[in-house]
Each structure stands twice: as C-alpha cells, then as structure tokens.
file target.cif (mmCIF, C-alpha atoms)
data_target
#
loop_
_atom_site.label_atom_id
_atom_site.label_comp_id
_atom_site.auth_asym_id
_atom_site.auth_seq_id
_atom_site.Cartn_x
_atom_site.Cartn_y
_atom_site.Cartn_z
CA MET A 250 44.50 107.88 106.74
CA LYS A 251 44.45 104.10 106.99
CA ILE A 252 47.67 102.39 105.94
CA VAL A 253 48.18 98.66 105.44
CA ILE A 254 51.79 97.52 105.89
CA ALA A 255 52.29 94.16 104.14
CA PRO A 256 55.97 93.34 103.51
CA ASP A 257 58.13 90.25 103.20
CA LYS A 258 61.27 89.82 105.30
CA PHE A 259 64.50 91.66 104.48
CA LYS A 260 66.55 88.50 104.10
CA GLY A 261 69.59 88.45 106.34
CA SER A 262 68.47 91.54 108.26
CA LEU A 263 64.85 91.67 109.42
CA THR A 264 61.89 89.33 109.69
CA SER A 265 58.63 90.46 108.13
CA PHE A 266 57.41 91.28 111.66
CA GLU A 267 60.43 93.50 112.29
CA VAL A 268 59.94 95.19 108.92
CA CYS A 269 56.31 95.93 109.84
CA ASN A 270 57.34 97.36 113.20
CA ALA A 271 60.11 99.53 111.72
CA ILE A 272 57.75 100.98 109.10
CA GLU A 273 55.05 101.57 111.72
CA LYS A 274 57.49 103.35 114.00
CA GLY A 275 58.66 105.66 111.25
CA LEU A 276 55.12 106.48 110.14
CA ALA A 277 54.04 107.12 113.74
CA LYS A 278 56.88 109.62 114.16
CA ALA A 279 55.61 111.46 111.10
CA SER A 280 52.03 111.54 112.44
CA ALA A 281 50.10 109.94 115.27
CA SER A 282 46.97 110.22 113.12
CA PHE A 283 47.81 107.30 110.84
CA ASP A 284 45.60 104.24 111.35
CA ILE A 285 48.03 101.38 110.75
CA VAL A 286 47.32 97.70 110.07
CA LYS A 287 50.35 95.37 110.03
CA LEU A 288 50.22 92.24 107.88
CA PRO A 289 53.55 90.37 107.90
CA MET A 290 53.81 88.35 104.70
CA SER A 291 55.66 85.35 103.28
CA ASP A 292 55.67 83.71 99.87
CA GLY A 293 56.53 80.24 101.14
CA GLY A 294 60.18 80.62 102.06
CA ASP A 295 61.99 80.69 105.38
CA GLY A 296 59.88 82.44 107.99
CA LEU A 297 56.61 81.03 106.64
CA SER A 298 55.69 79.10 109.79
CA ASP A 299 56.07 82.19 111.99
CA VAL A 300 53.79 84.14 109.66
CA ILE A 301 51.21 81.34 109.62
CA ALA A 302 51.29 81.16 113.43
CA HIS A 303 50.52 84.88 113.52
CA TYR A 304 47.22 84.37 111.70
CA ILE A 305 45.89 81.04 112.97
CA SER A 306 45.69 79.15 116.23
CA ALA A 307 48.36 76.45 116.11
CA GLN A 308 50.66 74.56 118.42
CA ARG A 309 54.40 74.66 117.80
CA MET A 310 55.79 71.15 117.59
CA THR A 311 59.45 70.11 117.57
CA SER A 312 60.95 67.06 115.87
CA LYS A 313 64.49 65.71 115.82
CA VAL A 314 65.55 65.50 112.18
CA GLN A 315 68.58 65.57 109.91
CA ASP A 316 69.84 68.84 108.50
CA PRO A 317 70.91 69.03 104.80
CA LEU A 318 74.22 67.31 105.61
CA GLY A 319 72.77 64.64 107.90
CA ARG A 320 73.48 66.25 111.26
CA ILE A 321 70.81 66.16 113.94
CA VAL A 322 68.81 69.35 114.52
CA HIS A 323 65.56 70.13 116.29
CA ALA A 324 63.11 71.60 113.79
CA GLN A 325 59.76 73.21 114.51
CA TRP A 326 56.50 72.71 112.64
CA LEU A 327 52.92 73.74 113.34
CA LEU A 328 49.88 71.66 114.24
CA SER A 329 46.50 73.36 113.86
CA SER A 330 44.32 73.67 116.95
CA ASN A 331 41.91 71.04 115.64
CA GLY A 332 44.77 68.61 114.96
CA LYS A 333 43.84 68.15 111.31
CA THR A 334 46.46 70.26 109.54
CA ALA A 335 50.24 70.44 109.77
CA PHE A 336 52.31 73.32 108.44
CA ILE A 337 55.89 72.45 107.56
CA GLU A 338 58.63 74.86 106.55
CA MET A 339 61.29 73.10 104.51
CA ALA A 340 63.94 75.63 105.52
CA LYS A 341 63.67 74.52 109.16
CA ALA A 342 65.04 71.07 108.28
CA SER A 343 66.67 71.39 104.86
CA GLY A 344 67.41 75.08 104.58
CA LEU A 345 70.49 76.98 103.52
CA GLN A 346 70.17 78.86 106.80
CA LEU A 347 71.35 75.70 108.62
CA LEU A 348 74.70 75.65 106.82
CA LYS A 349 77.81 77.76 106.92
CA PRO A 350 78.77 79.25 103.54
CA ASN A 351 81.74 76.88 103.24
CA GLU A 352 79.31 73.94 103.60
CA TYR A 353 77.12 74.87 100.63
CA ASN A 354 77.19 71.94 98.21
CA PRO A 355 74.02 70.80 96.42
CA LEU A 356 75.75 67.62 95.26
CA GLN A 357 75.89 66.47 98.88
CA THR A 358 72.81 68.00 100.51
CA SER A 359 69.53 66.16 101.04
CA SER A 360 65.89 67.00 101.81
CA TYR A 361 65.68 63.95 104.10
CA GLY A 362 64.94 66.08 107.18
CA THR A 363 61.87 67.57 105.51
CA GLY A 364 60.59 64.05 104.95
CA GLN A 365 61.13 63.35 108.64
CA LEU A 366 59.00 66.38 109.52
CA ILE A 367 56.26 65.06 107.23
CA LYS A 368 56.53 61.68 108.90
CA SER A 369 56.19 63.30 112.34
CA ALA A 370 53.05 65.09 111.22
CA ILE A 371 51.58 61.86 109.81
CA GLU A 372 52.13 60.19 113.18
CA TYR A 373 49.86 62.84 114.73
CA GLY A 374 47.06 61.74 112.43
CA VAL A 375 46.72 64.91 110.37
CA GLU A 376 44.55 65.03 107.25
CA ASN A 377 46.25 67.97 105.54
CA ILE A 378 49.90 68.94 105.25
CA ILE A 379 50.99 72.32 103.90
CA ILE A 380 54.67 72.50 102.98
CA GLY A 381 56.50 75.76 102.30
CA ILE A 382 59.53 74.92 100.18
CA GLY A 383 61.52 78.15 99.92
CA GLY A 384 65.03 78.65 101.26
CA SER A 385 66.29 75.13 100.60
CA ALA A 386 69.92 74.05 100.48
CA THR A 387 69.13 71.14 98.18
CA ASN A 388 68.99 70.16 94.53
CA ASP A 389 67.83 66.57 94.98
CA CYS A 390 64.35 66.65 93.36
CA GLY A 391 62.87 65.62 96.71
CA ILE A 392 64.46 62.17 96.85
CA GLY A 393 65.71 62.85 100.37
CA MET A 394 62.19 63.69 101.52
CA ALA A 395 60.87 60.59 99.76
CA ALA A 396 63.53 58.36 101.31
CA ALA A 397 62.33 59.37 104.77
CA LEU A 398 58.85 58.18 103.70
CA SER A 399 59.99 54.68 102.69
CA TYR A 400 60.95 55.29 99.07
CA ARG A 401 64.17 53.66 97.89
CA PHE A 402 66.29 54.69 94.93
CA LEU A 403 68.35 51.96 93.25
CA ASP A 404 71.22 51.96 90.76
CA SER A 405 71.54 49.59 87.79
CA ASP A 406 72.88 46.84 90.08
CA GLY A 407 69.98 47.16 92.52
CA ASN A 408 72.04 48.93 95.16
CA GLN A 409 70.29 51.54 97.28
CA LEU A 410 71.67 55.04 96.73
CA LEU A 411 72.10 57.83 99.24
CA PRO A 412 69.37 60.41 98.47
CA VAL A 413 71.56 63.40 97.57
CA GLY A 414 71.86 65.52 94.47
CA LYS A 415 74.90 63.83 92.98
CA ASN A 416 73.08 60.48 92.82
CA LEU A 417 70.18 61.65 90.65
CA ALA A 418 72.17 60.62 87.57
CA HIS A 419 72.66 57.09 88.91
CA ILE A 420 69.08 56.20 89.87
CA GLU A 421 67.57 53.55 87.60
CA LYS A 422 64.68 52.32 89.72
CA ILE A 423 62.24 53.76 92.28
CA LYS A 424 60.87 51.39 94.91
CA ARG A 425 58.59 51.97 97.86
CA ASP A 426 58.11 49.94 101.03
CA ILE A 427 54.53 50.72 102.11
CA ARG A 428 54.85 51.81 105.71
CA GLU A 429 53.25 55.23 105.83
CA ASP A 430 49.89 55.47 104.07
CA LEU A 431 49.93 58.80 102.26
CA SER A 432 46.79 58.27 100.20
CA ASN A 433 44.42 59.78 102.77
CA ILE A 434 46.48 62.93 103.29
CA HIS A 435 45.97 66.04 101.19
CA PHE A 436 49.31 67.73 100.48
CA LYS A 437 49.68 71.32 99.35
CA VAL A 438 53.03 72.85 98.49
CA ALA A 439 53.40 76.60 98.84
CA CYS A 440 56.07 77.93 96.48
CA ASP A 441 57.10 81.31 95.14
CA VAL A 442 58.49 80.51 91.69
CA LYS A 443 57.24 79.05 88.42
CA ASN A 444 60.53 77.55 87.26
CA VAL A 445 60.35 74.15 85.62
CA LEU A 446 62.56 71.22 86.60
CA TYR A 447 65.41 71.63 84.11
CA GLY A 448 66.58 73.73 81.19
CA GLY A 449 67.57 77.38 80.97
CA ASN A 450 64.87 78.40 83.44
CA GLY A 451 65.13 75.22 85.49
CA ALA A 452 65.93 74.46 89.11
CA THR A 453 69.63 73.80 88.67
CA LYS A 454 70.74 76.54 86.32
CA ILE A 455 68.80 79.27 88.12
CA PHE A 456 69.15 78.31 91.77
CA ALA A 457 72.02 75.83 92.28
CA PRO A 458 74.74 78.53 92.06
CA GLN A 459 73.13 80.25 95.05
CA LYS A 460 73.53 76.98 96.95
CA GLY A 461 77.24 76.59 96.27
CA ALA A 462 77.34 74.95 92.84
CA ASP A 463 80.19 75.88 90.51
CA PRO A 464 79.73 75.48 86.72
CA LEU A 465 80.88 71.85 86.76
CA MET A 466 78.45 71.02 89.57
CA VAL A 467 75.64 72.79 87.73
CA ASP A 468 76.25 70.63 84.65
CA GLU A 469 76.39 67.43 86.72
CA LEU A 470 73.21 68.27 88.62
CA GLU A 471 71.39 69.32 85.44
CA GLN A 472 72.17 66.03 83.73
CA GLY A 473 71.08 64.19 86.85
CA MET A 474 67.80 66.07 86.95
CA ILE A 475 67.07 65.30 83.28
CA HIS A 476 67.86 61.63 83.84
CA PHE A 477 65.81 61.32 87.02
CA ALA A 478 62.77 62.96 85.41
CA SER A 479 62.79 60.13 82.87
CA VAL A 480 62.96 57.57 85.69
CA ILE A 481 59.95 59.18 87.40
CA LYS A 482 58.05 59.02 84.13
CA ASN A 483 58.95 55.35 83.56
CA ASP A 484 58.37 54.11 87.10
CA LEU A 485 55.59 56.36 88.39
CA GLY A 486 53.91 57.35 85.14
CA ILE A 487 54.19 61.08 85.89
CA ASP A 488 55.85 63.62 83.59
CA VAL A 489 57.22 66.31 85.90
CA SER A 490 59.55 67.94 83.36
CA GLY A 491 57.34 70.83 82.31
CA ILE A 492 55.34 71.59 85.46
CA GLU A 493 55.43 75.24 86.49
CA GLY A 494 56.90 75.35 89.98
CA GLY A 495 58.38 71.87 89.60
CA GLY A 496 61.84 73.39 89.80
CA ALA A 497 61.17 75.18 93.08
CA ALA A 498 63.57 74.32 95.92
CA GLY A 499 65.91 72.29 93.74
CA GLY A 500 63.14 70.22 92.21
CA MET A 501 61.24 69.73 95.46
CA GLY A 502 58.09 70.94 93.73
CA ALA A 503 58.32 68.12 91.20
CA GLY A 504 59.28 65.65 93.91
CA CYS A 505 56.22 66.50 95.99
CA ILE A 506 53.98 65.95 92.97
CA ALA A 507 55.65 62.63 92.14
CA PHE A 508 55.95 61.18 95.64
CA LEU A 509 53.11 62.84 97.57
CA ASN A 510 50.56 63.56 94.84
CA ALA A 511 50.76 67.13 96.07
CA GLN A 512 49.09 70.24 94.71
CA LEU A 513 51.35 73.25 94.05
CA VAL A 514 49.89 76.56 95.21
CA SER A 515 51.14 80.13 95.27
CA GLY A 516 52.75 80.83 98.63
CA ILE A 517 51.78 84.49 98.69
CA GLU A 518 48.19 83.74 97.66
CA PHE A 519 47.97 81.22 100.50
CA VAL A 520 49.31 83.68 103.09
CA MET A 521 47.19 86.58 101.82
CA GLN A 522 44.12 84.41 102.28
CA LEU A 523 45.12 83.50 105.85
CA ALA A 524 45.71 87.18 106.62
CA SER A 525 42.41 88.37 105.06
CA ALA A 526 44.65 90.76 103.16
CA GLU A 527 42.08 91.60 100.52
CA ASN A 528 39.56 92.75 103.10
CA HIS A 529 42.14 94.96 104.82
CA ILE A 530 43.36 96.45 101.53
CA ARG A 531 39.80 97.03 100.30
CA ASN A 532 39.20 99.23 103.35
CA CYS A 533 42.44 101.22 103.44
CA ASP A 534 43.82 104.34 101.75
CA VAL A 535 47.45 103.39 101.24
CA VAL A 536 49.40 100.12 101.04
CA ILE A 537 53.10 99.76 101.79
CA THR A 538 54.85 96.52 100.81
CA GLY A 539 58.50 95.58 100.38
CA GLU A 540 61.35 93.13 100.65
CA GLY A 541 65.12 93.20 101.03
CA LYS A 542 65.90 93.26 97.32
CA ILE A 543 63.41 94.05 94.61
CA ASP A 544 64.54 92.28 91.45
CA LYS A 545 63.02 90.45 88.48
CA PRO A 546 61.63 87.53 90.55
CA SER A 547 59.80 90.10 92.71
CA LEU A 548 57.47 90.68 89.77
CA TYR A 549 56.34 87.05 89.59
CA GLY A 550 54.83 85.07 92.46
CA LYS A 551 56.55 86.97 95.26
CA VAL A 552 55.06 89.03 98.08
CA ILE A 553 55.34 92.32 96.19
CA SER A 554 53.52 91.04 93.11
CA GLY A 555 50.77 89.49 95.24
CA ILE A 556 50.15 92.61 97.28
CA ALA A 557 50.37 94.74 94.14
CA SER A 558 47.63 92.70 92.50
CA LEU A 559 45.25 93.38 95.41
CA ALA A 560 46.14 97.07 95.57
CA LYS A 561 45.50 97.41 91.83
CA LYS A 562 42.25 95.47 92.07
CA HIS A 563 40.90 97.88 94.68
CA ASP A 564 42.53 100.99 93.21
CA LYS A 565 44.70 101.73 96.23
CA ARG A 566 47.90 103.77 96.31
CA LEU A 567 50.85 101.42 96.67
CA PHE A 568 54.38 102.15 97.82
CA ALA A 569 57.32 99.79 98.21
CA VAL A 570 60.33 99.83 100.52
CA CYS A 571 63.45 97.75 100.08
CA GLY A 572 67.14 97.49 100.81
CA SER A 573 67.94 97.81 97.13
CA THR A 574 66.30 97.46 93.74
CA SER A 575 67.56 96.43 90.31
CA ILE A 576 64.23 96.99 88.54
CA ASP A 577 63.52 99.88 86.21
CA PRO A 578 60.98 102.23 87.85
CA SER A 579 58.72 101.92 84.80
CA GLU A 580 58.31 98.18 85.45
CA LEU A 581 57.37 98.85 89.06
CA LYS A 582 54.87 101.50 88.00
CA HIS A 583 53.37 99.00 85.58
CA LEU A 584 52.91 96.69 88.58
CA GLY A 585 51.02 99.52 90.26
CA ILE A 586 53.74 100.76 92.61
CA GLU A 587 53.56 104.54 92.78
CA LYS A 588 57.03 104.98 94.26
CA THR A 589 59.82 102.76 95.57
CA TYR A 590 62.05 103.78 98.48
CA ALA A 591 65.44 102.03 98.82
CA ILE A 592 67.80 102.09 101.79
CA LEU A 593 70.86 101.77 99.54
CA ASN A 594 71.15 105.11 97.80
CA GLY A 595 74.85 105.39 97.02
CA SER A 596 75.91 106.91 100.33
CA ILE A 597 75.33 103.79 102.43
CA SER A 598 77.37 100.60 102.19
CA LEU A 599 75.75 97.19 101.97
CA ASP A 600 77.26 96.17 105.33
CA HIS A 601 75.85 99.28 106.96
CA ALA A 602 72.45 98.72 105.35
CA MET A 603 72.32 95.10 106.52
CA LYS A 604 73.53 95.84 110.03
CA ASP A 605 71.36 98.89 110.68
CA ALA A 606 68.37 97.97 108.52
CA GLU A 607 65.84 98.65 111.27
CA VAL A 608 67.03 102.18 111.99
CA LEU A 609 67.44 103.02 108.31
CA LEU A 610 64.00 101.65 107.46
CA ASN A 611 62.56 103.63 110.33
CA ARG A 612 64.00 106.85 108.85
CA LEU A 613 62.82 105.92 105.37
CA SER A 614 59.30 105.33 106.65
CA PHE A 615 59.31 108.65 108.47
CA ASN A 616 60.00 110.34 105.13
CA ILE A 617 57.20 108.35 103.50
CA GLY A 618 54.83 109.52 106.20
CA LYS A 619 55.79 113.14 105.69
CA GLU A 620 55.30 112.80 101.94
CA LEU A 621 51.88 111.23 102.42
CA LEU A 622 50.82 114.10 104.65
CA ALA A 623 52.16 116.68 102.22
CA ARG A 624 50.29 115.12 99.30
CA ARG A 625 47.09 114.92 101.29
CA SER A 626 47.26 118.64 102.03
CA GLN A 627 47.74 119.58 98.36
#
call {"tool": "encode", "arguments": {"input": "target.cif", "output": "structure tokens"}}
result
Amino acid sequence: MKIVIAPDKFKGSLTSFEVCNAIEKGLAKASASFDIVKLPMSDGGDGLSDVIAHYISAQRMTSKVQDPLGRIVHAQWLLSSNGKTAFIEMAKASGLQLLKPNEYNPLQTSSYGTGQLIKSAIEYGVENIIIGIGGSATNDCGIGMAAALSYRFLDSDGNQLLPVGKNLAHIEKIKRDIREDLSNIHFKVACDVKNVLYGGNGATKIFAPQKGADPLMVDELEQGMIHFASVIKNDLGIDVSGIEGGGAAGGMGAGCIAFLNAQLVSGIEFVMQLASAENHIRNCDVVITGEGKIDKPSLYGKVISGIASLAKKHDKRLFAVCGSTSIDPSELKHLGIEKTYAILNGSISLDHAMKDAEVLLNRLSFNIGKELLARRSQ
C-alpha cells in the first residue's frame, strides 16, 4: 500500500517535516509493508522557505533587517541555484513569531524588514521574487515594506510618517524616490486567504485581534485601512479595496499589488507544484494530510483543501490528522476526507497535546495504520 503523507505544520508544536516523520513512524510500527512518500507542505505562512528548500536547489542567504518593532534581526531568504529567483518568507522579518505576546500591537508594528529582504534580493540581480506573506505581526497594508524600497508616506503638512499601522489614517500623499528599479522584476505573492482589505471579512476585523488588537485598535486600524485604500486609488490609480487576498497579512497582499505590481497566487498551489504532489497522489493508494487545528479557514486555500482537491481529482482515499478540529464531520466528508483523527479527544489537555505532539501523533498514526490494514483485509 502506497501512502502519501502531505501535511502542514502543527503551529506551535511541530514543523511539517516533523509531522511527516511522526506519521511515518507510527505507520511503520503498524506495518513495515507500507510504501511511504513524505511531502511536507506549506500554504505560504511561516515555514514556507524551509519547505521550498526541500524541493529545489537553493542557497540560504542571510540579511540584517528590522523586526516588526524596529529591532535588528538576521533573517534568512533563499536564492535559487541559477541566481534568478529569490524566495522570501515575510514571517522571518515581520512575523508574529519574532515578538513576545506582550509585544503584540498592530498599531506599532511594521513590515519594513520584509522590504529590506526584498531590497537584498534585488541587489543580487534576481529576476523573480516569490514572497510568502503568512504569519505576519503587521496591519500596515505593506507601507513598511514599501518604505524600505524608497516609498514615502506624507501627512497633510507634507511630513513623512513612520510606516506603521496607526499612521494609515494620516497618510495623504504617496511619494517615491526612484532608487531601486522594480519594473524588471516579476513579483509573486503566495498567500493562503481570500480576505479583502477591509469590511466584515477584511484584514483588520478578521486577523488584527490575533496580533494583539483590542476592539478600539481594530476600529482605528479599520478606519485607517479604508482611508489609505482611497489614497492608493488617488495617487497610484489602483483600486485595492475588493481584491481577493488583498487583506492577507494585514493588507500586505494589497500593498504588494500597489507597490510592487505583484501577482497574488495560492500558496498551497505553488508548493504542491514544487513538490510534484499531483504526480505522487495520482500513483498512491492513500493520502494523509493535516494541520494543528482544522477549522473553517482550513476549507479554503489552506493545505488541507489543496491536498483534498488532488485526492478527489484522482479518486484517492484521504484521511486527516490534527491537534483539534471545530468542523462538522459532514463538511470534511464533503471535502473528500474519509475520516479525521484528532489528538485532543477530551482526555488530553491542550498543554499536554502541544508539548507531546510528536509522541501523540505517532500513536495516532499507528492506529491509522492498523485500521488501514484491517480494511484492506475485509
């Protein structure tokens, strides 16, 4: 029996590589006869660059940049072996992972460090830049990134503003000092959501609370985002307000379109193509996918939905593993998932599940293996 293991990370516990290994170990304990193919996945969030490096030949580069609060960090990015393509993970420079929980504040954070990574890549003479924008700590519509690439944002008196979320409401003019020529570079932005820039399903109302915003901050940031979208339209002639994915990473999707002329692409589709996932799934018997928490977003643009689409296309049995799930089993079956296995089952605490995720996932996968063997013998 050939089994393809294609999960996302279990955020806060295991990387996608560790998830693959834990599932493989459990299956191997159930039977040494399983033919296992491991395909670590990412939908564009933190961990993307490690997944990309697994599938292509690339050199790891390091640049000194600012973190979301302006402190100096050393962030990695990838340069393809032919020197033509750079792969940048926003979370490495502007990610929530770089902050302590008591530092979360999307009014004060900036995507400036991500712009510095882009600038570093440009200095190497690349022709293509792929940016994964998940896991950000920001809600600045990409003005920090743009500021690192010679854009300036001015108030009504012509004063230059600090490129942070709280200043979106005060920007009245966008200026650019032409230093870096971006016109000959093809930008793609890998994202995992379809949220628009503002409104009930927008960047601020959906994601800013996860980044430390209280209700008053959410209202301030939302009004700033609405205002700044009108400035972009007036000064750059681009309406970013209704673009699907424009709200990703606190408006970074919209910012990349406005300032880089970027193309938004599905992160999971991009990674599945790199991994030749369709070819592997076409030639297997069973697919196992998963992530730390299966919830509503998992059904749209995430790793699970991407892998499910391939499994359904090629009529393969699909199982999912997770730490926990809040989705009705009928919705998962509609996606094509035959059965979902969760670590949290009422007898295990969240702390225990997070701390011992590898061991618990190993046991869960052993049970899956035994069930697969039992069904095959029926």
call {"tool": "residues_around", "arguments": {"input": "target.cif", "residues": "range 515-526 of chain A", "least_positions_apart": "6", "cutoff": "7 Å", "atoms": "only C-alpha atoms", "output": "ChimeraX atom specification"}}
result
/A:288,290-293,304,439-441,550-552,555
call {"tool": "resolve_selection", "arguments": {"input": "target.cif", "expression": "the PyMOL selection byres ((chain A and resi 277) around 12)", "output": "NGL selection string"}}
result
:A and (250 or 252 or 270-276 or 278-285 or 611-612 or 614-619 or 622)
call {"tool": "residues_around", "arguments": {"input": "target.cif", "residues": "Gly461 in chain A", "least_positions_apart": "6", "cutoff": "9 Å", "atoms": "only C-alpha atoms", "output": "ChimeraX atom specification"}}
result
/A:350-355,386
call {"tool": "residues_around", "arguments": {"input": "target.cif", "residues": "Leu599 in chain A", "least_positions_apart": "5", "cutoff": "9 Å", "atoms": "all atoms listed in the file", "output": "mmCIF file with C-alpha atoms, in the coordinates of the input"}}
result
data_model
loop_
_atom_site.group_PDB
_atom_site.id
_atom_site.type_symbol
_atom_site.label_atom_id
_atom_site.label_comp_id
_atom_site.auth_asym_id
_atom_site.auth_seq_id
_atom_site.Cartn_x
_atom_site.Cartn_y
_atom_site.Cartn_z
ATOM 1 C CA GLY A 572 67.140 97.490 100.810
ATOM 2 C CA LEU A 593 70.860 101.770 99.540
ATOM 3 C CA LYS A 604 73.530 95.840 110.030
#
call {"tool": "atom_distance", "arguments": {"input": "target.cif", "atom1": "CA of Ile455 in chain A", "atom2": "CA of Gly502 in chain A"}}
result
14.7 Å
call {"tool": "atom_distance", "arguments": {"input": "target.cif", "atom1": "CA of Ser343 in chain A", "atom2": "CA of Arg401 in chain A"}}
result
19.2 Å
call {"tool": "residues_around", "arguments": {"input": "target.cif", "residues": "Ser479 in chain A", "least_positions_apart": "6", "cutoff": "9 Å", "atoms": "all atoms listed in the file", "output": "PDB file with C-alpha atoms, in the coordinates of the input"}}
result
ATOM      1  CA  ASP A 488      55.850  63.620  83.590  1.00  0.00           C
ATOM      2  CA  VAL A 489      57.220  66.310  85.900  1.00  0.00           C
ATOM      3  CA  SER A 490      59.550  67.940  83.360  1.00  0.00           C
TER       4      SER A 490
END
call {"tool": "closest_atom_pairs", "arguments": {"input": "target.cif", "of": "range 468-585 of chain A", "to": "range 422-436 of chain A", "cutoff": "10 Å", "atoms": "all atoms listed in the file", "output": "CSV"}}
result
residue,atom,partner,partner_atom,distance
A:Phe477,CA,A:Lys422,CA,9.5
A:Val480,CA,A:Lys422,CA,6.8
A:Ile481,CA,A:Ile423,CA,7.6
A:Asn483,CA,A:Lys422,CA,8.9
A:Asp484,CA,A:Ile423,CA,6.5
A:Leu485,CA,A:Ile423,CA,8.1
A:Cys505,CA,A:Phe436,CA,8.3
A:Ile506,CA,A:Phe436,CA,9.0
A:Phe508,CA,A:Leu431,CA,9.3
A:Leu509,CA,A:Phe436,CA,6.8
A:Asn510,CA,A:Phe436,CA,7.1
A:Ala511,CA,A:Phe436,CA,4.7
A:Gln512,CA,A:Phe436,CA,6.3
A:Leu513,CA,A:Phe436,CA,8.7
call {"tool": "resolve_selection", "arguments": {"input": "target.cif", "expression": "the PyMOL selection byres ((chain A and resi 569) around 10)", "output": "ChimeraX atom specification"}}
result
/A:254-256,536-540,543,553,557,567-568,570-571,581,586-591
call {"tool": "atom_distance", "arguments": {"input": "target.cif", "atom1": "CA of Ile592 in chain A", "atom2": "CA of Leu347 in chain A"}}
result
27.5 Å
call {"tool": "closest_residue", "arguments": {"input": "target.cif", "among": "A:Leu297, A:Val438, A:Ala462, A:Ile378", "to": "Ala340 in chain A", "atoms": "only C-alpha atoms"}}
result
A:Leu297
call {"tool": "closest_residue", "arguments": {"input": "target.cif", "among": "A:Gly449, A:Gly391, A:Lys582, A:Ile420", "to": "Asp404 in chain A", "atoms": "all atoms listed in the file"}}
result
A:Ile420
call {"tool": "closest_residue", "arguments": {"input": "target.cif", "among": "A:Leu345, A:Ile371, A:Met501, A:Ala452", "to": "Gly393 in chain A", "atoms": "only C-alpha atoms"}}
result
A:Met501
call {"tool": "decode", "arguments": {"input": "target.cif", "residues": "range 351-358 of chain A", "atoms": "all heavy atoms", "output": "PDB file, in the first residue's frame"}}
result
ATOM      1  N   ASN A 351       3.402  39.925  24.914  1.00  0.00           N
ATOM      2  CA  ASN A 351       3.122  41.257  25.456  1.00  0.00           C
ATOM      3  C   ASN A 351       3.600  42.385  24.537  1.00  0.00           C
ATOM      4  O   ASN A 351       3.386  43.557  24.824  1.00  0.00           O
ATOM      5  CB  ASN A 351       3.736  41.419  26.848  1.00  0.00           C
ATOM      6  CG  ASN A 351       5.256  41.341  26.859  1.00  0.00           C
ATOM      7  OD1 ASN A 351       5.884  41.175  25.822  1.00  0.00           O
ATOM      8  ND2 ASN A 351       5.839  41.431  28.048  1.00  0.00           N
ATOM      9  N   GLU A 352       4.226  42.004  23.397  1.00  0.00           N
ATOM     10  CA  GLU A 352       4.673  42.999  22.421  1.00  0.00           C
ATOM     11  C   GLU A 352       3.723  43.100  21.231  1.00  0.00           C
ATOM     12  O   GLU A 352       3.900  43.959  20.376  1.00  0.00           O
ATOM     13  CB  GLU A 352       6.076  42.641  21.911  1.00  0.00           C
ATOM     14  CG  GLU A 352       7.151  42.723  22.981  1.00  0.00           C
ATOM     15  CD  GLU A 352       8.507  42.268  22.486  1.00  0.00           C
ATOM     16  OE1 GLU A 352       8.564  41.367  21.611  1.00  0.00           O
ATOM     17  OE2 GLU A 352       9.528  42.810  22.964  1.00  0.00           O
ATOM     18  N   TYR A 353       2.732  42.241  21.161  1.00  0.00           N
ATOM     19  CA  TYR A 353       1.800  42.264  20.039  1.00  0.00           C
ATOM     20  C   TYR A 353       1.057  43.596  20.024  1.00  0.00           C
ATOM     21  O   TYR A 353       0.372  43.959  20.967  1.00  0.00           O
ATOM     22  CB  TYR A 353       0.770  41.145  20.154  1.00  0.00           C
ATOM     23  CG  TYR A 353       1.296  39.737  20.031  1.00  0.00           C
ATOM     24  CD1 TYR A 353       2.649  39.451  19.869  1.00  0.00           C
ATOM     25  CD2 TYR A 353       0.419  38.649  20.075  1.00  0.00           C
ATOM     26  CE1 TYR A 353       3.108  38.151  19.769  1.00  0.00           C
ATOM     27  CE2 TYR A 353       0.867  37.344  19.978  1.00  0.00           C
ATOM     28  CZ  TYR A 353       2.216  37.102  19.829  1.00  0.00           C
ATOM     29  OH  TYR A 353       2.659  35.812  19.730  1.00  0.00           O
ATOM     30  N   ASN A 354       1.171  44.325  18.915  1.00  0.00           N
ATOM     31  CA  ASN A 354       0.474  45.606  18.794  1.00  0.00           C
ATOM     32  C   ASN A 354       0.507  46.060  17.337  1.00  0.00           C
ATOM     33  O   ASN A 354       1.465  46.704  16.903  1.00  0.00           O
ATOM     34  CB  ASN A 354       1.124  46.672  19.682  1.00  0.00           C
ATOM     35  CG  ASN A 354       0.346  47.973  19.692  1.00  0.00           C
ATOM     36  OD1 ASN A 354      -0.473  48.223  18.805  1.00  0.00           O
ATOM     37  ND2 ASN A 354       0.607  48.822  20.667  1.00  0.00           N
ATOM     38  N   PRO A 355      -0.532  45.740  16.560  1.00  0.00           N
ATOM     39  CA  PRO A 355      -0.509  46.081  15.135  1.00  0.00           C
ATOM     40  C   PRO A 355      -0.595  47.570  14.829  1.00  0.00           C
ATOM     41  O   PRO A 355      -0.439  47.965  13.680  1.00  0.00           O
ATOM     42  CB  PRO A 355      -1.722  45.320  14.576  1.00  0.00           C
ATOM     43  CG  PRO A 355      -2.620  45.135  15.747  1.00  0.00           C
ATOM     44  CD  PRO A 355      -1.721  44.974  16.935  1.00  0.00           C
ATOM     45  N   LEU A 356      -0.826  48.404  15.843  1.00  0.00           N
ATOM     46  CA  LEU A 356      -0.724  49.845  15.629  1.00  0.00           C
ATOM     47  C   LEU A 356       0.732  50.261  15.452  1.00  0.00           C
ATOM     48  O   LEU A 356       1.033  51.228  14.746  1.00  0.00           O
ATOM     49  CB  LEU A 356      -1.330  50.619  16.805  1.00  0.00           C
ATOM     50  CG  LEU A 356      -2.845  50.606  16.971  1.00  0.00           C
ATOM     51  CD1 LEU A 356      -3.222  51.283  18.279  1.00  0.00           C
ATOM     52  CD2 LEU A 356      -3.533  51.296  15.795  1.00  0.00           C
ATOM     53  N   GLN A 357       1.634  49.531  16.100  1.00  0.00           N
ATOM     54  CA  GLN A 357       3.038  49.920  16.150  1.00  0.00           C
ATOM     55  C   GLN A 357       3.968  49.082  15.271  1.00  0.00           C
ATOM     56  O   GLN A 357       5.103  49.471  15.034  1.00  0.00           O
ATOM     57  CB  GLN A 357       3.543  49.830  17.602  1.00  0.00           C
ATOM     58  CG  GLN A 357       2.777  50.700  18.587  1.00  0.00           C
ATOM     59  CD  GLN A 357       2.978  52.186  18.337  1.00  0.00           C
ATOM     60  OE1 GLN A 357       3.933  52.587  17.684  1.00  0.00           O
ATOM     61  NE2 GLN A 357       2.074  53.012  18.863  1.00  0.00           N
ATOM     62  N   THR A 358       3.490  47.937  14.791  1.00  0.00           N
ATOM     63  CA  THR A 358       4.378  47.062  14.021  1.00  0.00           C
ATOM     64  C   THR A 358       4.453  47.477  12.551  1.00  0.00           C
ATOM     65  O   THR A 358       3.563  48.129  12.020  1.00  0.00           O
ATOM     66  CB  THR A 358       3.913  45.599  14.114  1.00  0.00           C
ATOM     67  OG1 THR A 358       2.525  45.527  13.795  1.00  0.00           O
ATOM     68  CG2 THR A 358       4.148  45.045  15.504  1.00  0.00           C
TER      69      THR A 358
END
